[in-house]
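Input: a single structure, listed below in C-alpha cells.
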Amino acid sequence: MGVQGFIIFIIIAYFAVCAMVWFRGRKEIRAFQETIRQNHGVRQSRKLDETRKKWVTGFWRHFQGPALLDETTWNDLNLDQIFPSVNHTYSAVGEEYLYYLLHHVDQSEEELQHFEELVRFWEAHPDERVFLQTNLWQLGYSGGSSIADCIENLDILRDFHVRQDVFIDLLYIPAIILTAVSGQGFLLLLCVMIAQILLYFRKKVQIQPFLHSFAYFAKLLAFVDRLQKLKHSEPAVSEEIDRLLGVEKKLKPMLRGSSLIKDGSLGGGTPIDGVMDYVRMCTHADIIQFYRMLRYAYENQDELWTLAEGVGRLDASASVCAYRHTRQDWCVPVVGEAFSMVNGRYPLIREPVGNSVTGEKSVLLTGSNASGKSTFLRTVAVNAVFAQTIHTCLCDSYTAPLYRIYSSLALTDDVISGDSYYMVEIKTMKRILDSVLKPGRPVLCVLDEVLRGTNTAERISASSQILRWLSGQNCLCFAATHDLELVDLLSTEFAHYHFSESFTDGDVQFTYQLKPGRCESRNAIRLLEVMGYPEEITAAAENLCLELLHDKKRV
C-alpha cells in the first residue's frame with residue numbers, strides 16, 4: 001500500500017469511527033427518551049449524601065439571605081429528606097436551582113404564576129418535555145463541582161496566566177524546522193514535548209474542576225441554541241427562551257475553540273478522544289483556551305448567572321411536573337387573605353392521614369405523646385413552603401397569604417458553642433420575634449413545646465406570654481404543647497385542637513386525626529406499660545400522678 005492508499009484508509013477509518021459513534025449516540029438517545037416516557041410519574045429518590053450536597057447547594061449558598069427559608073426551618077421540616085422525592089431534574093444546573101428554589105419562599109405572585117405556566121406547559125406538551133429533558137440529560141453534570149461556585153470563583157482565578165505555555169509552544173516552530181532540515185532538531189522537539197507534558201499535569205491539577213465547569217458552560221450555550229426548536233405560542237416558555245437566547249448571543253464569543261476543552265478525565269471514549277488527549281498534553285491547547293474563556297467569563301458574570309438560572313428554572317419546572325405525576329394528592333395553591341388547608345399531608349409519610357384547619361386565629365395543639373402533633377406542625381409548614389416555591393401543595397385545597405416562614409421544632413443543645421438546650425431555644429425563638437417586628441409579609445411560625453428546657457412554672461408563665469404576644473402581631477402561629485394550663489390561659493387568643501389515642505387489648509391505637517377542642521387524655525404512663533416497664537414502676541407512677549392532679553385541682 002502506497003502513501004496515497006494509506007491516507008485514503010485513514011480517512012475511511014476516521015469517518016467509519018465517526019459514523020459508529022453517531023449511530024451509537026442516536027440509539028442511546030432513543031432508549032433514553034423511551035425511559036423518560038415510561039418513568040414519568042414514577043417516584044424517585046436520589047439520596048442527598050454529603051458529597052453531592054457540597055455542590056447541589058451551590059445556588060442556595062450564593063443567593064442565601066434573610067428573605068430565604070433559614071437553615072433552622074429547613075432542617076426542622078426535614079427538607080433534605082424531602083428534596084430527593086421532588087428532584088426529577090436531569091442536569092447539574094437544574095438540580096442546584098431546584099434546591100435553591102425550595103428555599104425561595106419570597107417569590108411574588110407573578111413569579112409563582114409564571115412558574116405554574118411553565119409546569120402546565122410541560123404537562124400539556126409531552127413531546128416538548130421529552131425534547132427538553134433529553135437535551136438536559138445530554139447536558140448532564142459538571143464533574144462534581146458546583147456551577148454557582150465556579151461563577152463565584154472567577155475572581156480567584158483572574159490572576160491565572162499562560163505566558164509560559166505559549167512560550168514553550170513557540171519552541172515547536174524551530175524544533176520542527178530543524179528536524180525537517182537535518183533531523184538533528186529531533187532532540188529539541190522531544191525536549192519541548194516532555195517539558196509541556198510535565199507542566200501540563202501540574203497545571204491540570206490546579207484548574208481541573210474549572211475545566212469541567214467551563215466545558216459545561218460551553219454545553220449550556222449549545223443547549224440554549226437547540227431550545228429554538230421549542231419556540232412556542234405559550235408566553236411563559238417563549239419569555240424564558242427569548243431571555244436565554246439574548247444571553248447566548250452575548251456569551252457566544254466565549255465558545256470559540258471550546259471544543260479543545262475536554263470534559264472528562266484522561267482517556268476518551270473514542271480513538272479520536274484518545275488522540276486529542278495527547279495533543280492537549282503536548283500543546284496545552286485546552287489550558288490556553290481555558291484562559292481565554294476565563295477572561296471573557298469574568299467580564300460577563302451577570303450573563304452567566306442569568307444563563308444558569310434560566311436553564312435551571314426550565315429543568316426545575318419539568319421536575320415539578322414529574323413530581324406531580326408521582327402523587328395523586330396535590331393541588332395548586334391559591335393566594336388569599338386567610339389560612340385554609342384541607343386534608344393536608346406530609347410528604348415523608350407513605351400513607352398519611354389528611355388533616356384540615358381553617359381560620360384567621362392562631363392554633364394551639366394539645367395531645368398525648370406520639371399522637372401526631374409534631375407531624376401536623378410540619379405538614380402546615382411544608383405545605384406553606386411548597387405553595388411559595390414549587391407552587392404545589394399536598395392537600396385537597398390550600399389558600400393562604402404569602403408568608404415569611406419560621407419554625408422551632410427539633411432543637412438540641414450546642415456542645416461546640418457551649419449553649420444549653422434552653423439557650424439554644426430562646427435564641428431560636430428570638431429570631432422569630434425579631435422577624436415579626438420587621439415590616440413585610442405576615443409571619444407563619446410553627447412551634448413545638450415552647451421553652452421546654454426550663455421548669456414548669458416558668459415555662460408556662462413565659463410561653464403563655466410569648467404565644468399571646470405572637471397572636472397579637474402580624475403573625476399566624478401554630479404551637480403544640482403538653483401544658484394544658486396554656487389552653488385556659490390562651491382561651492381567647494388561640495383556636496384549640498388536639499390529637500388523641502385509644503388503648504385496645506393492651507396496645508395503643510393512634511388515629512392521627514385532628515379534632516377540635518383540648519385534649520382530655522394522657523398516655524405517658526400507659527405507654528410505659530405497653531413497652532413492658534416493671535409494674536412496680538408504672539403502678540406507683542400512676543398513683544403519684546393522680547395525687548398530683550388532685551392536689552392541683554384543689555389549688
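Scheme for the C-alpha cells: letters A, B, ... for chains in order shown; per-chain residue numbers from 1; ligand numbers from 1 in order shown.
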Sorted per-residue table, range 285-401 of chain A near range 108-129 of chain A, closest atoms and distance, 9 Å, only C-alpha atoms, as a tab-separated table:
residue	atom	partner	partner_atom	distance
A:Arg313	CA	A:Phe115	CA	8.2
A:Leu314	CA	A:Leu118	CA	7.5
A:Ala316	CA	A:Val119	CA	8.9
A:Ser317	CA	A:Val119	CA	5.1
A:Ala318	CA	A:Val119	CA	6.1
A:Ser319	CA	A:Val119	CA	8.4
A:Val320	CA	A:Val119	CA	6.8
A:Cys321	CA	A:Val119	CA	5.4
A:Ala322	CA	A:Glu123	CA	8.5
A:Val332	CA	A:Glu116	CA	8.6
A:Val335	CA	A:Glu109	CA	7.8
A:Ala387	CA	A:Leu112	CA	8.7
A:Gln388	CA	A:Leu112	CA	7.1
A:Thr389	CA	A:Leu112	CA	7.3
A:Ile390	CA	A:Phe115	CA	7.7
A:His391	CA	A:Leu112	CA	6.5
A:Thr392	CA	A:Glu116	CA	8.9
Residues of range 319-465 of chain A classed as helix (DSSP H, G or I) by DSSP on the backbone are to be reported as a PyMOL selection string. chain A and resi 319-326+373-387+421-437+456-465
Neighbours of range 466-477 of chain A within 6 Å (only C-alpha atoms; same-chain residues fewer than 2 positions away dropped), as a CSV table (one decimal) with N, CA, C and O atoms, in the first residue's frame?
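Contents of part-v9.csv, freshly written:
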chain,number,residue,atom,x,y,z
A,362,SER,N,-54.6,32.0,65.4
A,362,SER,CA,-53.5,31.1,65.7
A,362,SER,C,-54.1,29.8,66.3
A,362,SER,O,-55.2,29.8,66.8
A,442,PRO,N,-46.8,38.7,56.5
A,442,PRO,CA,-47.1,38.1,57.8
A,442,PRO,C,-46.2,36.9,58.0
A,442,PRO,O,-45.7,36.3,57.0
A,443,VAL,N,-45.9,36.6,59.2
A,443,VAL,CA,-45.1,35.5,59.6
A,443,VAL,C,-45.9,34.3,59.9
A,443,VAL,O,-46.9,34.4,60.6
A,444,LEU,N,-45.6,33.2,59.4
A,444,LEU,CA,-46.2,31.9,59.8
A,444,LEU,C,-45.1,31.1,60.6
A,444,LEU,O,-44.0,30.9,60.0
A,445,CYS,N,-45.4,30.8,61.8
A,445,CYS,CA,-44.4,30.1,62.6
A,445,CYS,C,-45.1,28.8,63.2
A,445,CYS,O,-46.2,28.8,63.6
A,446,VAL,N,-44.3,27.7,63.3
A,446,VAL,CA,-44.7,26.5,63.9
A,446,VAL,C,-43.8,26.2,65.1
A,446,VAL,O,-42.6,26.2,64.9
A,463,SER,N,-44.0,31.0,78.3
A,463,SER,CA,-44.5,30.6,77.0
A,463,SER,C,-45.9,31.2,76.7
A,463,SER,O,-46.2,31.5,75.5
A,464,SER,N,-46.7,31.3,77.7
A,464,SER,CA,-48.1,31.9,77.5
A,464,SER,C,-48.0,33.3,77.0
A,464,SER,O,-48.7,33.8,76.2
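Nearest to Gly440 in chain A of all the residues A:Tyr533, A:Arg404, A:Tyr296, A:Cys331 is A:Arg404, based on only C-alpha atoms.
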For range 191-203 of chain A, work out the shell of residues within 12 Å, counting only C-alpha atoms and skipping chain neighbours fewer than 5 positions away, then give it as an MDAnalysis selection string. chainID A and resid 160:162 164:176 185:186 208:211 265:266 277:288 290:291
Check range 277-452 of chain A with DSSP on the backbone and list each residue it calls strand (DSSP E or B), as a PyMOL selection string. chain A and resi 331+334-335+339-344+355-359+362-367+393+397-400+404-408+414+419+443-448
Quick one: residues within 9 Å of Leu304 in chain A, only C-alpha atoms counted, chain neighbours fewer than 5 positions away excluded, as a list in words? Ile151, Phe217, Val247, Leu251, Ala297 and Glu309 of chain A
